[in-house]
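*Asks:* First, the structure itself, so that you have it in front of you.
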Amino acid sequence: MPPHYHGLSKALRRREISCAAVHHRLPSPTPLSTTPNSPFRYIPQPNLTQNSCHYFKTSLNNFSSKNFNFNFFTPFGFQTLQFSTLSNKERKIEQEKTSWVDLYLPKKVLPYAHLARLDKPIGTWLLAWPCFWSITLAANPGSLPDLKTMVLFGTGAFLLRGAGCTINDLLDRDIDTKVLRTSSRPVACGALTPFQGLCFLGFQLLLGLGILLQLNTFSQVLGALSLILVFSYPLMKRLTFWPQAFLGLTFNWGALLGWSAIRGSLDPAVVFPLYLSGVCWTLVYDTIYAHQDKEDDLKVGVKSTALRFGDLTKHWVTGFGIACISSLAFSGYNASIGWPYYLFLAGASSQLAWQILTVDLACRSDCNKKFVSNKWFGALIFCGILSGRLIS
């Protein structure tokens, strides 16, 4: 790396400069993050000459302590340079997060893949499990759930989750640039323009509509209503300390839709407790997840249950966990499900208790680990419903 990069990096760490013009030869298109000790991540843009004067027009006070994004302009185009003060150990951890998306997909597709979070399937699982619970619960006693409906809902969960992420990134692009974990998202870092994001969103919603039109009329109307939640959720973090509750209402809509897709209507005694259990489950896992960003959220003025609960977080999520398990038990009882369901419910209760009791809310990696583990909670509930329905 050229010596002036290191000098600039030291100055940035000491907060000694807020605006600079640096004359240098551009590095090769290879991202600088591939250099083990480099504090830079270079995001190349086309049509730039090898000799340029880059003007950094920004103030360091707008950025988190570990990450700086600079937009710099030349007569030939726009460029972004991200400075990071992560330690070597932290950078090594970040480099190890390279996913199959980065390894195998064409470069032109990569920004869209990251926008839809293809490299992070946990969101699809969390959206799909309530759908699978409801579809299996609606099956006739002694019968397997309808495979076609399961595939449709699995595909729909994949598409809707991607669309939700696109909406979130478009609306939050001004916030994402100021938060370390989200600053490299495609719209925030400039890899995609808002217009490209909107076009991609339209494509995702069109595919989702194709899934929805294969359901019965009641389910089509019910599914269309969920779009109100999908589009409003990203705004909630600006308005209330309870955006996780709105996420729960959104992510667990499949608990209602799955039942109606099989039965053509809703049974309130079964589906409402199931829906409530999903909302409480979301409040547990997404509050834990939100603790990753609580310091950045305070700086940029974003609200969350992590900030609302503070040091009492474990007390709050314990209460939501109890409400989740109780609602699942009540829903299963009203559905006259077999006894194996309750054995799996006990196992799921233990998994949820493990999350709450052992999570280190001050450790970002542990919060993320506990959050991702919720795919197993969803799987345990699904196995319980399936085995309970088969012998009921």
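Please note that chains go A, B, ... in the order of the structure tokens, that every chain numbers its residues from 1, and that ligands are numbered from 1 in the order shown.
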Applying 12 Å and only C-alpha atoms, which residues near region 266-271 of chain A remain after dropping the ones on its own chain fewer than 3 positions away? List them as a VMD selection string.

*Replies:* chain A and resid 130 to 131 133 to 138 218 to 219 222 252 to 263 274 to 278 327 to 337

*Asks:* Quick one: pick out all alpha helix (DSSP H) residues within region 246-299 of chain A from a backbone DSSP run and write them as a ChimeraX atom specification.

*Replies:* /A:246-251,254-263,268-290,294-299

*Asks:* Point out the residue among A:Phe241, A:Phe246, A:Phe158, A:Phe195 with the least atom-to-atom distance to Leu207 (chain A), counting only C-alpha atoms.

*Replies:*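 Going through A:Phe241, A:Phe246, A:Phe158, A:Phe195 one by one, the smallest distance to Leu207 (chain A) is for A:Phe158.
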
*Asks:* Using only C-alpha atoms, which residues of region 174-276 of chain A come within 9 Å of region 296-308 of chain A, and what is the closest atom pair for each, with the distance in Å to one decimal? Give it as CSV, sorted by chain and residue number.

*Replies:*
```
residue,atom,partner,partner_atom,distance
A:Ile175,CA,A:Val300,CA,6.9
A:Lys178,CA,A:Val300,CA,7.2
A:Val179,CA,A:Asp296,CA,5.7
A:Leu180,CA,A:Asp296,CA,7.7
A:Met236,CA,A:Lys303,CA,8.3
A:Lys237,CA,A:Lys303,CA,5.0
A:Arg238,CA,A:Val302,CA,5.7
A:Leu239,CA,A:Lys303,CA,7.5
A:Thr240,CA,A:Lys303,CA,6.2
A:Phe241,CA,A:Ser304,CA,4.6
A:Trp242,CA,A:Thr305,CA,5.5
A:Pro243,CA,A:Ser304,CA,6.1
A:Gln244,CA,A:Thr305,CA,6.7
A:Ala245,CA,A:Thr305,CA,8.6
```

*Asks:* With a distance cut-off of 8 Å and only C-alpha atoms, select the neighbouring residues of Pro234 (chain A), excluding the residue or stretch itself and same-chain residues fewer than 2 positions from it, and output the selection as an NGL selection string.

*Replies:* :A and (167-168 or 171-172 or 230-232 or 236-237)

*Asks:* Just N, CA and C atoms for this one: save the residues we selected as a compact mmCIF listing (two decimals), in the first residue's frame.

*Replies:*
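Result file is part_19.txt:
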```txt
# COMPACT_ATOMS: atom_id res chain seq x y z
N ILE A 167 -36.79 -3.02 0.48
CA ILE A 167 -37.53 -1.86 0.98
C ILE A 167 -36.78 -1.22 2.14
N ASN A 168 -36.31 -2.06 3.06
CA ASN A 168 -35.59 -1.57 4.23
C ASN A 168 -34.33 -0.78 3.83
N LEU A 171 -35.21 2.68 2.18
CA LEU A 171 -35.68 3.68 3.13
C LEU A 171 -34.62 4.08 4.15
N ASP A 172 -33.69 3.15 4.43
CA ASP A 172 -32.70 3.39 5.48
C ASP A 172 -31.31 3.73 4.94
N VAL A 230 -45.37 -4.84 5.51
CA VAL A 230 -44.05 -4.95 4.88
C VAL A 230 -43.48 -3.58 4.56
N PHE A 231 -44.32 -2.67 4.04
CA PHE A 231 -43.85 -1.35 3.64
C PHE A 231 -43.72 -0.39 4.83
N SER A 232 -44.51 -0.60 5.89
CA SER A 232 -44.47 0.33 7.02
C SER A 232 -43.42 -0.04 8.06
N MET A 236 -40.79 2.21 11.30
CA MET A 236 -41.12 2.16 12.72
C MET A 236 -39.95 2.50 13.63
N LYS A 237 -38.74 2.18 13.20
CA LYS A 237 -37.57 2.47 14.04
C LYS A 237 -37.35 3.96 14.23
```

*Asks:* Between A:Pro106, A:Pro194, A:Pro111, A:Pro141, which one has atoms that come closest to Ile385 (chain A), using only C-alpha atoms?

*Replies:*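 Smallest distance to Ile385 (chain A) is found for A:Pro141.
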
*Asks:* Which of these, A:Ala290, A:Leu144, A:Ala323, A:Leu127, has the shortest distance to Phe251 (chain A) once you count only C-alpha atoms?

*Replies:*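 For Phe251 (chain A), the nearest of the given residues is A:Leu127.
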
*Asks:* May I ask which of the residues A:Ile322, A:Ala362, A:Val151, A:Leu115 is the closest one to Thr193 (chain A), counting only C-alpha atoms?

*Replies:*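 For Thr193 (chain A), the nearest of the given residues is A:Leu115.
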
*Asks:* Report, in Å to a single decimal, how far apart CA of Ile325 (chain A) and CA of Ser392 (chain A) are.

*Replies:*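 Those two atoms sit 20.3 Å apart.
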
*Asks:* Between CA of Phe344 (chain A) and CA of Cys383 (chain A), what is the distance, to one decimal in Å?

*Replies:*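 Answer for the CA of Phe344 (chain A) to CA of Cys383 (chain A) separation: 7.1 Å.
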
*Asks:* Identify which of the residues A:Gly310, A:Gly154, A:Gly142, A:Gly162 lies closest to Gly197 (chain A), counting only C-alpha atoms when measuring atom-to-atom distances.

*Replies:*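 For Gly197 (chain A), the nearest of the given residues is A:Gly162.
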
*Asks:* Measuring atom to atom with only C-alpha atoms, identify which of A:Ile381, A:Leu103, A:Leu170, A:Val221 is nearest to Leu198 (chain A).

*Replies:*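 Closest to Leu198 (chain A) of all the choices is A:Leu170.
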
*Asks:* Write out as a list in words each polymer residue whose atoms come within 10 Å of Trp125 (chain A), counting only C-alpha atoms; drop sequence neighbours fewer than 4 positions from it.

*Replies:*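 Final neighbour list, sorted by chain and number: Lys120, Pro121, Trp129, Pro130, Cys131, Gly154, Ala157, Phe158, Arg161, Val372, Asn374, Lys375, Trp376, Gly378 and Ala379 of chain A.
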
*Asks:* Convert the current residue selection to file output with N, CA, C and O atoms, as a PDB file, in the first residue's frame.

*Replies:*
```
ATOM      1  N   LYS A 120     -27.470 -14.586   3.605  1.00  0.00           N
ATOM      2  CA  LYS A 120     -27.921 -14.721   4.996  1.00  0.00           C
ATOM      3  C   LYS A 120     -29.318 -15.344   5.010  1.00  0.00           C
ATOM      4  O   LYS A 120     -30.323 -14.637   5.150  1.00  0.00           O
ATOM      5  N   PRO A 121     -29.409 -16.657   4.885  1.00  0.00           N
ATOM      6  CA  PRO A 121     -30.710 -17.322   4.762  1.00  0.00           C
ATOM      7  C   PRO A 121     -31.535 -17.356   6.040  1.00  0.00           C
ATOM      8  O   PRO A 121     -32.697 -17.751   6.001  1.00  0.00           O
ATOM      9  N   TRP A 129     -40.866 -20.483   8.873  1.00  0.00           N
ATOM     10  CA  TRP A 129     -41.321 -21.416   9.900  1.00  0.00           C
ATOM     11  C   TRP A 129     -42.766 -21.201  10.350  1.00  0.00           C
ATOM     12  O   TRP A 129     -43.535 -22.178  10.439  1.00  0.00           O
ATOM     13  N   PRO A 130     -43.211 -19.974  10.642  1.00  0.00           N
ATOM     14  CA  PRO A 130     -44.631 -19.816  11.009  1.00  0.00           C
ATOM     15  C   PRO A 130     -45.586 -20.288   9.915  1.00  0.00           C
ATOM     16  O   PRO A 130     -46.673 -20.808  10.224  1.00  0.00           O
ATOM     17  N   CYS A 131     -45.188 -20.126   8.649  1.00  0.00           N
ATOM     18  CA  CYS A 131     -46.014 -20.638   7.547  1.00  0.00           C
ATOM     19  C   CYS A 131     -46.101 -22.160   7.622  1.00  0.00           C
ATOM     20  O   CYS A 131     -47.199 -22.741   7.518  1.00  0.00           O
ATOM     21  N   GLY A 154     -42.653 -21.716   0.951  1.00  0.00           N
ATOM     22  CA  GLY A 154     -41.215 -21.598   1.088  1.00  0.00           C
ATOM     23  C   GLY A 154     -40.636 -20.629   0.073  1.00  0.00           C
ATOM     24  O   GLY A 154     -39.790 -19.775   0.390  1.00  0.00           O
ATOM     25  N   ALA A 157     -41.747 -17.108   1.008  1.00  0.00           N
ATOM     26  CA  ALA A 157     -40.952 -16.566   2.115  1.00  0.00           C
ATOM     27  C   ALA A 157     -39.614 -16.037   1.616  1.00  0.00           C
ATOM     28  O   ALA A 157     -39.141 -14.979   2.035  1.00  0.00           O
ATOM     29  N   PHE A 158     -39.007 -16.781   0.705  1.00  0.00           N
ATOM     30  CA  PHE A 158     -37.733 -16.366   0.117  1.00  0.00           C
ATOM     31  C   PHE A 158     -37.889 -15.036  -0.622  1.00  0.00           C
ATOM     32  O   PHE A 158     -37.078 -14.113  -0.453  1.00  0.00           O
ATOM     33  N   ARG A 161     -39.032 -12.049   1.866  1.00  0.00           N
ATOM     34  CA  ARG A 161     -37.940 -11.620   2.716  1.00  0.00           C
ATOM     35  C   ARG A 161     -36.969 -10.741   1.930  1.00  0.00           C
ATOM     36  O   ARG A 161     -36.501  -9.705   2.408  1.00  0.00           O
ATOM     37  N   VAL A 372     -29.149 -16.377  15.112  1.00  0.00           N
ATOM     38  CA  VAL A 372     -29.147 -17.387  14.047  1.00  0.00           C
ATOM     39  C   VAL A 372     -29.649 -18.727  14.549  1.00  0.00           C
ATOM     40  O   VAL A 372     -30.273 -19.498  13.801  1.00  0.00           O
ATOM     41  N   ASN A 374     -32.106 -19.422  16.155  1.00  0.00           N
ATOM     42  CA  ASN A 374     -33.571 -19.521  16.187  1.00  0.00           C
ATOM     43  C   ASN A 374     -34.147 -20.362  15.060  1.00  0.00           C
ATOM     44  O   ASN A 374     -35.310 -20.761  15.116  1.00  0.00           O
ATOM     45  N   LYS A 375     -33.341 -20.658  14.039  1.00  0.00           N
ATOM     46  CA  LYS A 375     -33.821 -21.578  13.006  1.00  0.00           C
ATOM     47  C   LYS A 375     -34.093 -22.957  13.615  1.00  0.00           C
ATOM     48  O   LYS A 375     -34.989 -23.682  13.165  1.00  0.00           O
ATOM     49  N   TRP A 376     -33.333 -23.306  14.659  1.00  0.00           N
ATOM     50  CA  TRP A 376     -33.545 -24.606  15.315  1.00  0.00           C
ATOM     51  C   TRP A 376     -34.771 -24.583  16.207  1.00  0.00           C
ATOM     52  O   TRP A 376     -35.459 -25.595  16.342  1.00  0.00           O
ATOM     53  N   GLY A 378     -37.482 -22.890  15.482  1.00  0.00           N
ATOM     54  CA  GLY A 378     -38.557 -23.067  14.516  1.00  0.00           C
ATOM     55  C   GLY A 378     -38.667 -24.491  14.027  1.00  0.00           C
ATOM     56  O   GLY A 378     -39.772 -25.025  13.851  1.00  0.00           O
ATOM     57  N   ALA A 379     -37.513 -25.159  13.834  1.00  0.00           N
ATOM     58  CA  ALA A 379     -37.514 -26.545  13.361  1.00  0.00           C
ATOM     59  C   ALA A 379     -38.099 -27.486  14.412  1.00  0.00           C
ATOM     60  O   ALA A 379     -38.832 -28.431  14.081  1.00  0.00           O
TER      61      ALA A 379
END
```
